[in-house]
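Novice: If you scroll down you'll find the structure; I have some questions about it.
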Amino acid sequence: MLKNPSAKYQRFDPVSLPNRRWPSQTLSQAPIWCSVDLRDGNQALAVPMNVSQKLDMFDALVKCGFKEIEVGFPSASNTEFSFNRRLIEEKRIPDDVTIQCLVQAREDLIEKTVESLMGAKKVVIHMYNSTSPAQRKYVFGKSKEEIIQVAVKGAQMIKDRLHRLTETGTQVTLQYSPESFSATEVEFAKEISEAVMDVWQPTPQHKMILNLPDTVEVCMPNVYADQIEWICTNIKNRDSLIVSLHTHNDRGTGTAATELGLLAGADRVEGTLFGNGERTGNLDIVQVAMNLYMHGIDPKLDFSDMNGLIQMYERTTGMTVAPRHPYSGELVFTAFSGSHQDAIKKGLAGYEEHRTIWDVPYLTIDPNDIGREYREVIRVNSQSGKGGVAYLLESEFGIELPKDMQREFGPIANDIVDKLGREVSGAELKGMFWKEYIQRETPYALHHFHADGVDGLFTCRCSLLVNGKEKGVTGGGNGPIAAFVHALVNDGGAPAFEVANFREQSLSSGTEASALAFIQIKTGSGRLVWGAGEDTNIELASIKAVLSAVNRAS
Ligand code: KIV
Ligand code: ZN
């Protein structure tokens with residue numbers, strides 16, 4: 001990289017808009033959405049979609065609620081042309097959905113586009129030509145006037161052919177894009193757009209769409225917003241226009257540019273699912289829609305089955321959704337850090353109680369709303385705290401560790417996970433718990449246990465394996481556990497201890513029901529140590545828990 005980038009790159013000159021109004025606006029409703037997945041998104045694929053993949057995606061877009069869908073560039077290839085014909089002839093377009101087609105300002109291409117649309121109910125014909133200084137100079141070698149002539153001639157060619165569609169009952173809306181708008185002088189963008197308007201003669205009753213593309217994102221989103229507000233304020237007959245945004249993401253701010261563009265007065269947004277598109281992609285419509293949703297605004301798009309949508313997207317485009325992609329990524333409702341996990345766990349519990357406004361820390365929306373599950377929220381790696389460990393054991397296996405025991409087991413599990421150096425599954429955590437507590441059988445293991453009680457006094461007779469050798473022990477107390485503790489210390493040679501805490505729970509997995517007991521002992525030196533036992537018999541589970549604690553303390 002250059003030490004002095006200004007020797008090669010220059011600052012982008014902002015628009016002069018001293019009385020800009022957009023910073024004090026707020027968004028209160030969804031814009032008109034137009035999916036350009038099947039055109040702009042498709043153009044950016046190494047292997048473009050075939051007709052059946054396009055049909056698959058079209059159906060999914062309709063299911064999400066898109067009412068305007070740019071279905072392709074029918075003059076560009078047979079696939080694109082036949083796709084339009086299949087949609088129309090097989091009556092696959094719902095009555096409330098408008099299909100849109102892109103075309104350059106060239107007669108043969110316009111002719112083919114009109115042909116591809118015959119018989120459709122509602123269509124948008126979208127004509128574009130590029131207007132920025134670099135495009136004028138390098139690509140077309142044309143003056144401003146000549147570039148305006150290209151647009152005007154194209155607009156006229158479309159107008160001349162409109163009757164063929166309208167006479168057969170097709171409702172047509174016209175759309176013009178001064179491509180590379182954000183890199184074009186606003187005055188020239190206005191001039192060329194007005195020249196197209198002069199041909200198409202839009203009215204407030206029959207508006208045309210003026211699409212203002214951020215074809216290559218060249219400036220900060222506030223500058224794009226200024227450009228949009230400038231056009232909305234200065235263009236003639238604003239009330240005869242639907243002002244549309246079409247951002248790409250070269251500087252990583254396509255979403256911000258769109259949102260600020262809406263504040264600046266735009267009515268419509270073009271974009272793709274998950275931001276597929278040339279280079280760094282088109283605007284991700286899911287993001288803008290979900291950003292509205294998280295502010296309580298109905299986005300008029302439904303992403304309840306986000307996983308299904310991602311599968312469709314990956315199947316049809318061959319692209320993937322990055323794990324941290326906002327809203328849709330696999331990891332976006334996952335917390336690895338212990339403090340986050342703890343806060344989420346508490347927040348979810350609180351939300352379950354009041355179920356009104358969503359205010360769970362670290363989660364901008366309820367994952368459930370887009371078909372994700374709470375269970376995905378917490379995973380465990382070396383950064384996780386006791387909260388995450390306990391959550392996973394409880395949510396996946398129903399094991400409810402006493403709070404104090406969570407404090408003991410959390411660091412043990414973290415140590416192991418740290419050594420493994422990777423994320424662990426719930427099953428692996430359970431394995432760690434079993435190894436640490438349930439499978440602790442030295443020095444003491446239970447061979448046989450029997451207890452009888454008369455008038456609240458219990459006697460136990462049991463046989464233990466002490467360091468592998470069988471030993472019979474007896475003892476008495478005011479309950480089976482107390483009698484066993486007595487037998488263990490008096491006859492079994494265990495160091496003195498007392499039971500400090502006891503909890504039991506039932507555990508059912510499949511058809512087998514078993515019990516888990518958790519016992520905390522206090523050793524002669526005052527150390528507190530937990531143990532756990534599992535058995536189909538609750539009494540035996542607690543006796544095993546005593547032995548687990550004694551074994552862990554020794
Ligand atoms: O990015 C762009 O400018 C386009 C136009 C054709 C609208 O895709
Ligand atoms: Zn584009």
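For the structure tokens, the naming scheme is as follows: chains receive sequential letters (A, B, ...) according to their order of presentation, residues are indexed from 1 within each chain, and ligands are indexed from 1 in presentation order.
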Hey, which residues sit close to ligand 1? Say within 8 Å, counting only C-alpha atoms and all ligand atoms, and write them as JSON, numbers by chain.
Specialist: {"A": [40, 102, 127, 128, 129, 130, 177, 178, 179, 180, 181, 211, 212, 213, 214, 215, 216, 246, 247, 248, 282]}
Novice: For segment 262-273 of chain A, find every residue with an atom within 7 Å (counting only C-alpha atoms), except residues of its own chain fewer than 6 positions away, and show them as a list in words.
Specialist: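 With the cut-off at 7 Å, the set is Trp22, Gln25, Thr26, Leu27, Pro31, Ile32, Trp33, Cys34, Ser35, Val36, Asp37, Gly41, Ala225, Ile228, Glu229, Cys232, Ile242, Val243, Ser244, Leu245, His246, Asn282, Leu283, Asp284, Ile285 and Val286 of chain A.
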Novice: From a backbone DSSP assignment, name each residue in segment 8-257 of chain A labelled strand (DSSP E), as a VMD selection string.
Specialist: chain A and resid 32 to 35 68 to 72 98 to 104 122 to 130 171 to 179 208 to 214 241 to 247
Novice: Hey, which of A:Leu331, A:Met118, A:Val218, A:Val546 ends up closest to Tyr9 of chain A? Count only C-alpha atoms.
Specialist: A:Val218
Novice: So, counting only C-alpha atoms, which residue among A:Ala44, A:Leu446, A:Ala60, A:Ile519 is closest to Leu488 of chain A?
Specialist: A:Leu446
Novice: Would you pick out the contacts of Gln43 of chain A at 12 Å or less, using only C-alpha atoms, so that residues sharing its chain but fewer than 3 positions from it are not included, and give the list as a list in words?
Specialist: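 So, after excluding close chain neighbours, the residues are Val36, Asp37, Leu38, Arg39, Asp40, Ala46, Val47, Pro48, Met49, Asn50, Val71, Gly72, Phe73, Ala76, Ser77, Glu80, Leu102, Thr272, Asn276, Gly277, Glu278, Arg279, Gly281, Asn282 and Thr317 of chain A.
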Novice: Would you please give, as number ranges by chain, all residues of segment 18-253 of chain A that DSSP assigns to alpha helix (DSSP H) based on the backbone?
Specialist: A: 42-43, 51-64, 78-89, 107-117, 133-134, 144-166, 186-200, 221-234
Novice: Given the choices A:Ile125, A:Ala553, A:Val417, A:Ile521, which gets closest to Lys112 of chain A if the distance is worked out from only C-alpha atoms?
Specialist: A:Ile125
